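Dumped coords15.txt below, it's compact mmCIF, C-alpha atoms:
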```txt
# COMPACT_ATOMS: atom_id res chain seq x y z
CA MET A 1 -33.70 25.41 3.37
CA ILE A 2 -33.45 21.84 2.23
CA THR A 3 -36.70 19.98 2.56
CA PHE A 4 -37.11 16.49 3.94
CA ALA A 5 -37.73 15.08 0.45
CA GLN A 6 -34.72 16.87 -1.03
CA ARG A 7 -32.54 15.46 1.72
CA SER A 8 -33.67 11.97 0.75
CA VAL A 9 -32.66 12.56 -2.87
CA ILE A 10 -29.25 14.00 -1.86
CA ALA A 11 -28.69 11.03 0.44
CA LEU A 12 -29.61 8.65 -2.39
CA LEU A 13 -27.09 10.34 -4.71
CA CYS A 14 -24.39 10.34 -2.03
CA ARG A 15 -24.93 6.70 -1.23
CA VAL A 16 -24.82 5.54 -4.88
CA ILE A 17 -21.72 7.65 -5.70
CA LEU A 18 -19.90 6.60 -2.51
CA GLY A 19 -20.90 2.98 -3.07
CA VAL A 20 -19.61 2.93 -6.65
CA ILE A 21 -16.34 4.60 -5.56
CA LEU A 22 -15.83 2.01 -2.81
CA ILE A 23 -16.57 -0.88 -5.19
CA TYR A 24 -14.22 0.56 -7.82
CA ALA A 25 -11.47 1.15 -5.26
CA SER A 26 -11.78 -2.38 -3.89
CA ILE A 27 -11.44 -4.28 -7.17
CA ASP A 28 -7.77 -3.57 -7.90
CA LYS A 29 -6.92 -4.28 -4.25
CA ILE A 30 -8.75 -7.61 -4.35
CA VAL A 31 -6.97 -8.60 -7.58
CA HIS A 32 -3.51 -7.67 -6.21
CA PRO A 33 -3.53 -8.48 -2.47
CA ALA A 34 0.26 -8.68 -2.08
CA GLU A 35 0.80 -5.23 -3.61
CA PHE A 36 -1.96 -3.74 -1.49
CA ALA A 37 -0.54 -5.29 1.70
CA LYS A 38 2.86 -3.78 0.85
CA ALA A 39 1.22 -0.41 0.22
CA ILE A 40 -0.33 -0.59 3.71
CA GLY A 41 3.03 -1.62 5.15
CA ASN A 42 4.61 1.49 3.64
CA TYR A 43 2.42 3.69 5.83
CA ASN A 44 4.21 2.32 8.91
CA VAL A 45 1.11 2.39 11.08
CA LEU A 46 0.53 -1.31 11.74
CA PRO A 47 2.73 -3.51 13.94
CA PHE A 48 3.54 -7.25 13.78
CA GLY A 49 3.03 -7.66 10.03
CA LEU A 50 -0.70 -6.99 10.41
CA GLU A 51 -0.69 -5.24 7.03
CA ASN A 52 -1.31 -8.60 5.35
CA LEU A 53 -4.43 -9.30 7.43
CA MET A 54 -5.62 -5.78 6.69
CA GLY A 55 -4.81 -6.29 3.00
CA ILE A 56 -6.97 -9.41 2.96
CA VAL A 57 -10.00 -8.09 4.85
CA LEU A 58 -10.16 -4.35 4.02
CA PRO A 59 -10.84 -4.66 0.24
CA ILE A 60 -13.66 -7.14 0.86
CA LEU A 61 -15.10 -4.81 3.51
CA GLU A 62 -14.95 -1.96 0.99
CA LEU A 63 -16.66 -4.08 -1.65
CA LEU A 64 -19.37 -5.23 0.74
CA VAL A 65 -20.03 -1.76 2.17
CA GLY A 66 -20.06 -0.29 -1.36
CA THR A 67 -22.58 -2.89 -2.51
CA CYS A 68 -24.78 -2.32 0.55
CA LEU A 69 -24.75 1.44 -0.06
CA VAL A 70 -25.68 1.10 -3.74
CA LEU A 71 -28.43 -1.44 -3.13
CA GLY A 72 -29.74 0.11 0.08
CA ILE A 73 -29.01 -2.76 2.43
CA MET A 74 -28.23 -2.09 6.11
CA LEU A 75 -27.55 1.55 5.24
CA ASP A 76 -26.90 2.82 8.77
CA GLY A 77 -24.25 0.22 9.49
CA SER A 78 -22.69 0.58 6.02
CA ALA A 79 -22.52 4.37 6.27
CA ILE A 80 -20.94 4.23 9.74
CA ILE A 81 -18.31 1.73 8.52
CA ALA A 82 -17.66 3.88 5.41
CA ALA A 83 -17.19 6.98 7.57
CA GLY A 84 -14.93 5.01 9.93
CA MET A 85 -12.81 3.74 7.03
CA MET A 86 -12.45 7.25 5.66
CA ALA A 87 -11.42 8.51 9.12
CA ILE A 88 -8.72 5.81 9.26
CA PHE A 89 -7.53 6.63 5.74
CA ILE A 90 -7.35 10.34 6.60
CA ILE A 91 -5.30 9.62 9.74
CA ALA A 92 -2.98 7.22 7.86
CA LEU A 93 -2.47 9.67 4.99
CA SER A 94 -1.93 12.65 7.30
CA GLN A 95 0.63 10.92 9.48
CA ALA A 96 2.49 9.78 6.36
CA LEU A 97 2.42 13.31 5.02
CA LEU A 98 3.57 14.80 8.33
CA ARG A 99 6.36 12.26 8.76
CA GLY A 100 7.38 12.73 5.15
CA ILE A 101 7.41 9.00 4.45
CA ASP A 102 8.34 8.12 0.90
CA ILE A 103 5.46 5.86 -0.06
CA ASN A 104 2.91 5.12 -2.70
CA CYS A 105 -0.65 5.95 -1.81
CA GLY A 106 -2.28 2.66 -2.71
CA CYS A 107 -5.65 4.39 -2.62
CA PHE A 108 -7.10 3.35 -5.96
CA LYS A 109 -4.66 1.36 -8.08
CA VAL A 110 -1.80 -0.61 -6.66
CA THR A 111 -0.18 -1.81 -9.87
CA ALA A 112 2.96 -0.43 -11.48
CA GLU A 113 1.46 2.10 -13.91
CA ASN A 114 0.16 4.14 -11.02
CA ALA A 115 3.01 3.44 -8.64
CA GLY A 116 4.45 6.93 -8.83
CA GLN A 117 1.33 8.44 -7.33
CA GLN A 118 2.34 10.04 -4.06
CA VAL A 119 0.38 10.60 -0.91
CA GLY A 120 -1.01 14.08 -1.02
CA ILE A 121 -3.34 16.60 0.41
CA ARG A 122 -5.66 15.92 -2.55
CA ARG A 123 -6.30 12.39 -1.27
CA ILE A 124 -7.03 13.67 2.21
CA ILE A 125 -9.52 16.18 0.83
CA GLU A 126 -11.14 13.43 -1.27
CA ASP A 127 -11.52 11.22 1.78
CA CYS A 128 -13.01 14.12 3.76
CA ILE A 129 -15.62 14.56 1.01
CA PHE A 130 -16.36 10.81 1.03
CA MET A 131 -16.75 10.95 4.82
CA GLY A 132 -19.17 13.85 4.42
CA MET A 133 -21.15 11.76 1.94
CA ALA A 134 -21.33 8.92 4.46
CA PHE A 135 -22.73 11.35 7.04
CA MET A 136 -25.29 12.55 4.48
CA VAL A 137 -26.45 8.95 4.14
CA LEU A 138 -26.69 8.64 7.92
CA SER A 139 -28.79 11.79 8.20
CA ARG A 140 -31.06 10.93 5.28
CA GLY A 141 -34.68 11.99 5.48
CA GLU A 142 -37.26 9.42 4.53
CA ARG A 143 -36.18 5.81 4.61
CA LYS A 144 -37.17 4.95 1.09
CA TRP A 145 -35.41 3.30 -1.85
CA GLU A 146 -33.99 0.81 0.63
CA LEU A 147 -34.03 -2.96 0.27
CA TYR A 148 -33.33 -3.92 3.88
CA PRO A 149 -34.34 -3.34 6.61
CA LYS A 150 -37.78 -2.15 5.57
CA THR A 151 -39.36 0.31 7.95
CA MET B 1 -33.57 -8.87 14.75
CA ILE B 2 -29.94 -7.81 15.22
CA THR B 3 -29.64 -6.36 11.69
CA GLN B 4 -32.36 -3.79 12.42
CA LEU B 5 -29.92 -1.83 14.58
CA PRO B 6 -26.82 -0.01 13.26
CA ILE B 7 -24.52 -1.78 15.73
CA GLY B 8 -25.86 -5.15 14.60
CA GLN B 9 -25.39 -4.18 10.96
CA ILE B 10 -21.78 -3.15 11.66
CA ILE B 11 -21.10 -6.48 13.36
CA VAL B 12 -22.72 -8.49 10.54
CA ILE B 13 -20.89 -6.59 7.74
CA THR B 14 -17.53 -6.77 9.54
CA ILE B 15 -17.77 -10.47 10.35
CA THR B 16 -18.97 -11.31 6.82
CA SER B 17 -16.05 -9.37 5.30
CA THR B 18 -13.52 -11.05 7.57
CA VAL B 19 -14.83 -14.55 6.87
CA LEU B 20 -15.11 -13.90 3.12
CA GLY B 21 -11.67 -12.24 2.93
CA LEU B 22 -9.91 -15.03 4.83
CA GLY B 23 -11.81 -17.72 2.90
CA ILE B 24 -11.05 -16.26 -0.52
CA ASN B 25 -7.41 -15.71 0.46
CA ALA B 26 -7.09 -19.33 1.60
CA VAL B 27 -8.32 -20.83 -1.67
CA ARG B 28 -6.92 -18.47 -4.31
CA PRO B 29 -3.43 -19.03 -5.77
CA GLU B 30 -2.48 -15.37 -5.17
CA GLY B 31 -3.28 -15.75 -1.47
CA ILE B 32 -0.82 -14.12 0.93
CA PRO B 33 0.34 -15.19 4.41
CA LEU B 34 -1.87 -13.80 7.19
CA LEU B 35 1.03 -11.94 8.76
CA ALA B 36 3.77 -10.20 6.76
CA LYS B 37 7.26 -11.49 7.43
CA GLU B 38 10.25 -9.20 7.68
CA LEU B 39 13.20 -9.99 5.44
CA ALA B 40 15.76 -12.21 7.19
CA VAL B 41 18.96 -10.36 8.03
CA ALA B 42 22.07 -11.86 6.47
CA GLU B 43 24.52 -13.20 9.05
CA GLU B 44 27.55 -13.33 6.86
CA ILE B 45 27.71 -12.06 3.32
CA GLU B 46 29.55 -14.15 0.78
CA TYR B 47 30.13 -12.22 -2.41
CA THR B 48 28.88 -15.06 -4.57
CA THR B 49 26.21 -17.53 -3.66
CA ALA B 50 25.08 -20.89 -4.99
CA GLU B 51 21.63 -20.51 -3.46
CA PRO B 52 19.22 -17.80 -4.63
CA ARG B 53 18.88 -15.21 -1.89
CA LEU B 54 16.91 -12.14 -0.92
CA LEU B 55 18.18 -10.86 2.40
CA ALA B 56 18.42 -7.71 4.45
CA ILE B 57 21.91 -6.37 5.20
CA THR B 58 23.35 -3.99 7.79
CA LEU B 59 25.33 -0.79 7.19
CA ASP B 60 28.67 -2.58 7.78
CA GLN B 61 27.75 -5.33 5.34
CA ALA B 62 26.62 -2.73 2.80
CA LEU B 63 29.92 -0.86 3.16
CA ASP B 64 31.86 -4.09 2.74
CA LEU B 65 29.96 -4.89 -0.48
CA TYR B 66 30.37 -1.29 -1.66
CA GLN B 67 34.14 -1.52 -1.27
CA LYS B 68 34.10 -4.74 -3.29
CA GLY B 69 32.45 -2.88 -6.16
CA THR B 70 28.90 -4.19 -5.84
CA ILE B 71 26.26 -2.30 -7.80
CA PHE B 72 23.91 -0.28 -5.58
CA VAL B 73 20.42 0.50 -6.82
CA ASP B 74 18.53 3.48 -5.37
CA ALA B 75 14.84 2.51 -5.28
CA ARG B 76 13.58 6.01 -4.45
CA GLU B 77 11.86 8.39 -6.83
CA PRO B 78 14.30 10.22 -9.16
CA GLU B 79 13.80 13.57 -7.40
CA TYR B 80 15.12 12.14 -4.13
CA TYR B 81 17.98 10.48 -5.99
CA GLN B 82 18.96 13.75 -7.61
CA GLU B 83 19.07 15.49 -4.23
CA GLY B 84 21.69 13.04 -3.04
CA HIS B 85 22.52 9.35 -3.24
CA ILE B 86 25.17 6.76 -2.47
CA LYS B 87 28.09 7.46 -4.79
CA GLY B 88 27.79 5.45 -7.98
CA ALA B 89 24.30 4.12 -7.18
CA TRP B 90 21.91 3.47 -10.06
CA ASN B 91 18.42 4.89 -10.36
CA PHE B 92 16.13 4.12 -13.27
CA PRO B 93 12.56 5.32 -13.35
CA PHE B 94 11.75 2.53 -15.80
CA PHE B 95 11.94 -0.92 -14.28
CA LEU B 96 12.63 -2.74 -17.57
CA GLU B 97 15.56 -0.44 -18.31
CA LEU B 98 17.06 -1.39 -14.95
CA VAL B 99 16.50 -5.09 -15.62
CA PHE B 100 18.10 -4.86 -19.08
CA LYS B 101 21.14 -2.87 -17.92
CA LEU B 102 21.79 -5.08 -14.90
CA ASP B 103 21.39 -8.25 -16.89
CA SER B 104 23.67 -7.14 -19.71
CA LEU B 105 26.36 -5.81 -17.35
CA GLN B 106 26.61 -8.50 -14.70
CA GLY B 107 23.94 -11.15 -15.26
CA LYS B 108 21.43 -12.26 -12.67
CA ASP B 109 23.69 -14.03 -10.18
CA ALA B 110 25.99 -11.16 -9.19
CA PRO B 111 25.16 -9.45 -5.89
CA LEU B 112 23.02 -6.37 -5.98
CA VAL B 113 22.36 -3.98 -3.11
CA ILE B 114 19.05 -2.13 -3.11
CA TYR B 115 18.20 0.73 -0.78
CA CYS B 116 15.64 3.49 -0.26
CA SER B 117 15.25 6.31 2.30
CA GLY B 118 15.82 4.31 5.46
CA ASP B 119 14.35 1.73 7.82
CA GLU B 120 10.79 2.89 7.32
CA CYS B 121 10.52 2.86 3.53
CA GLY B 122 9.38 -0.18 1.58
CA SER B 123 10.36 0.65 -1.98
CA SER B 124 13.73 -1.14 -1.73
CA GLU B 125 12.01 -4.36 -0.65
CA ASP B 126 9.31 -3.94 -3.32
CA LEU B 127 11.94 -3.49 -6.01
CA ALA B 128 13.84 -6.50 -4.69
CA TYR B 129 10.74 -8.70 -5.05
CA GLU B 130 10.14 -7.35 -8.56
CA LEU B 131 13.73 -8.15 -9.52
CA GLN B 132 13.39 -11.59 -7.95
CA ALA B 133 10.38 -12.19 -10.20
CA GLU B 134 12.60 -11.28 -13.17
CA GLY B 135 15.06 -14.02 -12.18
CA PHE B 136 17.65 -12.05 -10.22
CA ASN B 137 18.78 -14.20 -7.34
CA ASN B 138 21.44 -12.40 -5.37
CA LEU B 139 19.47 -9.53 -3.88
CA LEU B 140 20.50 -7.68 -0.74
CA VAL B 141 18.28 -5.02 0.76
CA PHE B 142 20.19 -2.39 2.73
CA LYS B 143 17.54 -1.47 5.30
CA GLY B 144 19.33 1.54 6.78
CA GLY B 145 19.32 3.04 3.31
CA TRP B 146 20.21 6.60 2.42
CA THR B 147 19.72 7.93 5.99
CA ALA B 148 22.11 5.48 7.66
CA TRP B 149 24.68 5.83 4.85
CA ASN B 150 24.58 9.61 4.86
CA ILE B 151 24.85 9.92 8.67
CA SER B 152 27.88 7.61 8.64
CA GLU B 153 29.57 9.90 6.11
CA HIS B 154 30.27 7.19 3.56
CA PRO B 155 30.77 8.27 -0.09
CA ILE B 156 27.83 10.17 -1.54
CA GLU B 157 27.12 12.34 -4.55
CA PRO B 158 26.47 14.95 -5.81
```
Please lay out the structure from this file as structure tokens.
Amino acid sequence: MITFAQRSVIALLCRVILGVILIYASIDKIVHPAEFAKAIGNYNVLPFGLENLMGIVLPILELLVGTCLVLGIMLDGSAIIAAGMMAIFIIALSQALLRGIDINCGCFKVTAENAGQQVGIRRIIEDCIFMGMAFMVLSRGERKWELYPKT
Amino acid sequence: MITQLPIGQIIVITITSTVLGLGINAVRPEGIPLLAKELAVAEEIEYTTAEPRLLAITLDQALDLYQKGTIFVDAREPEYYQEGHIKGAWNFPFFLELVFKLDSLQGKDAPLVIYCSGDECGSSEDLAYELQAEGFNNLLVFKGGWTAWNISEHPIEP
């Protein structure tokens, strides 16, 4: 049985790993907003050209949530947003997979050298693991190693 | 304080991201329009054009250009291309090879039709923008793509 203290350590690991992954994933998207917006557009889930707005806001949200998770700032809110983002990614990837849409994933890199990377079950599994990590953060034991809010 | 509660934290993080994202996008040179615009559909296709153009074309317009001998470029992955494509269409996995071959054969002003799977795919439009950045200025994206062409029983191979 996992003890309260062990759960805190697991949650700390989960939150740092998930945070670093989110920060890493956001950087390429922030550098290449047009490519990322097109990648979102290729999923055919957003109407009215909203992929651009999503392409502008989502990478910054990822960066901010990742930073909060690593530093231990507003952990509950950050973990809920991270889990929500993963849920949306899983739905977007699954529907693309089911509809057989010929698209690039746009999950990590959006530039040409990685453009051949196709949407796959592997990505969905990855996102499920990330979502699980977000839930681990939410169900952490002691509220320590956190900058804000202090309890 | 609002940030003590998860719901408050969600609101603060979301609003901060939106404001930051929109602000950074507004000031940076690589900023993009807030809403994506669809390619304008060509009303009438002249074979040659004095003005640089990147337009969407219909199946009838694509067929008309095909019969005039326009080069068609298949923007899909090679495995899809090998399964079946518009007869005579080009497909190069390496972008620079495509640029070089097109440029040496017909220059950058001759019309070029680009297509992918169908209405829902974006790779034809992506390739068109990449070619535009390389100086090609007579680019026509056939939105119906392989699906519309194949259903209409126009020439295909293999």
(-2.1, 1.3, 5.5) in this file's frame - what residues fall within 12 Å of it? Use only C-alpha atoms and give the answer as JSON, numbers by chain. {"A": [35, 36, 37, 38, 39, 40, 41, 42, 43, 44, 45, 46, 47, 49, 50, 51, 52, 53, 54, 55, 58, 59, 85, 86, 88, 89, 90, 91, 92, 93, 94, 95, 96, 103, 104, 105, 106, 107, 119]}
Please identify all polymer residues within 8 Å of stretch 72-79 of chain A, counting all atoms listed in the file, omitting same-chain residues fewer than 3 positions from it, and present them as a PyMOL selection string. (chain A and resi 65-66+68-69+82-83+134-135+137-138+145-149) or (chain B and resi 3-10+13)
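Here atom CA of B:Val113 and atom CA of A:Ala34 stand 22.6 Å from one another.
Compared by their closest atoms to B:Phe95, and using all atoms listed in the file, the residues B:Gln82, B:Leu131, B:Ile2, B:Ile151 rank with B:Leu131 nearest.
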Show which residues sit within 12 Å of B:Leu54, as a PyMOL selection string. Count only C-alpha atoms, and ignore same-chain residues fewer than 5 positions away. chain B and resi 38-42+45+49+109+111-114+124-133+135-142
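Relative to atom CA of A:Leu22, atom CA of B:Gly31 is found at 21.8 Å.
Between atom CA of B:Tyr66 and atom CA of A:Arg99 the interatomic distance comes to 29.5 Å.
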Contacts of A:Val70 at 8 Å or less, counting all atoms listed in the file, minus same-chain residues fewer than 5 places along, as number ranges by chain? A: 15-17, 19-20
What are the residues of chain B lining chain A at 6 Å or less? Count all atoms listed in the file, and put the answer as a ChimeraX atom specification. /B:6,9-10,17-18,21,34-36,122
Got a sec: who's within 8 Å of B:Pro78, counting only C-alpha atoms, leaving out chain neighbours fewer than 4 positions off, as number ranges by chain? B: 82, 91-93
